[in-house]
Amino acid sequence: DSGLSPLLQESGDISGIGPVHLRLLHSLSHYRRRDAVFIVFLNGRLVELPGLQRPIRQYYADLILKGWQPLVYMSLQVPPSAVDVNVSP
């Protein structure tokens with residue numbers, strides 16, 4: 001058991017992009033660390049997306065005890081043509 005719980009799993013078409021699949025798992029606040037952990041895969045490739053970290057931290061701010069941090073795993077599949085590999089290494 002990974003201790004992660006499904007938060008969201010969606011598939012659909014986005015105009016101008018095409019088919020998109022998102023899978024989001026989280027720790028339900030049972031993860032204690034000095035800082036939050038964000039694991040993000042884009043088309044199977046580990047990436048860093050700092051722009052997503054702030055809204056995720058804000059989401060958890062009222063949900064978890066002080067001193068506890070979330071562990072968030074996100075997998076996003078989009079058409080390769082929708083990704084600029086120079087922006088999301």
# chains A, B, ... in the order shown; residues from 1 in each chain; ligands from 1
$ select_by_dssp --residues "chain A" --states "alpha helix (DSSP H)" --output "MDAnalysis selection string"
chainID A and resid 50:61
$ residues_around --residues "His21 (chain A)" --least-positions-apart "5" --cutoff "9 Å" --atoms "only C-alpha atoms" --output "VMD selection string"
chain A and resid 9 to 13 75 to 78
$ closest_residue --among "A:Val85, A:Ile56, A:Leu49, A:Ala36" --to "Trp68 (chain A)" --atoms "only C-alpha atoms"
A:Ala36
$ closest_residue --among "A:Phe41, A:Ser5, A:Gln53, A:Asp62" --to "Leu22 (chain A)" --atoms "only C-alpha atoms"
A:Phe41
$ closest_residue --among "A:Ala61, A:Leu52, A:Val47, A:Leu71" --to "Arg34 (chain A)" --atoms "only C-alpha atoms"
A:Leu71
$ closest_residue --among "A:Pro6, A:Pro80, A:Gly51, A:Pro70" --to "Val37 (chain A)" --atoms "only C-alpha atoms"
A:Pro70
$ closest_residue --among "A:Ile39, A:Val20, A:Leu7, A:Leu46" --to "Met74 (chain A)" --atoms "only C-alpha atoms"
A:Ile39
$ atom_distance --atom1 "CA of Val72 (chain A)" --atom2 "CA of Leu42 (chain A)"
14.1 Å
$ select_by_dssp --residues "region 24-86 of chain A" --states "strand (DSSP E)" --output "list in words"
Leu24, Leu25, His26, Val37, Phe38, Ile39, Val40, Phe41, Leu42, Arg45, Leu46, Val47, Leu71, Val72, Tyr73, Met74, Ser75, Leu76 and Gln77 of chain A
$ closest_residue --among "A:Pro79, A:Ile17, A:Leu4, A:Pro50" --to "Phe38 (chain A)" --atoms "only C-alpha atoms"
A:Pro50
$ atom_distance --atom1 "CA of Asp84 (chain A)" --atom2 "CA of His26 (chain A)"
26.6 Å
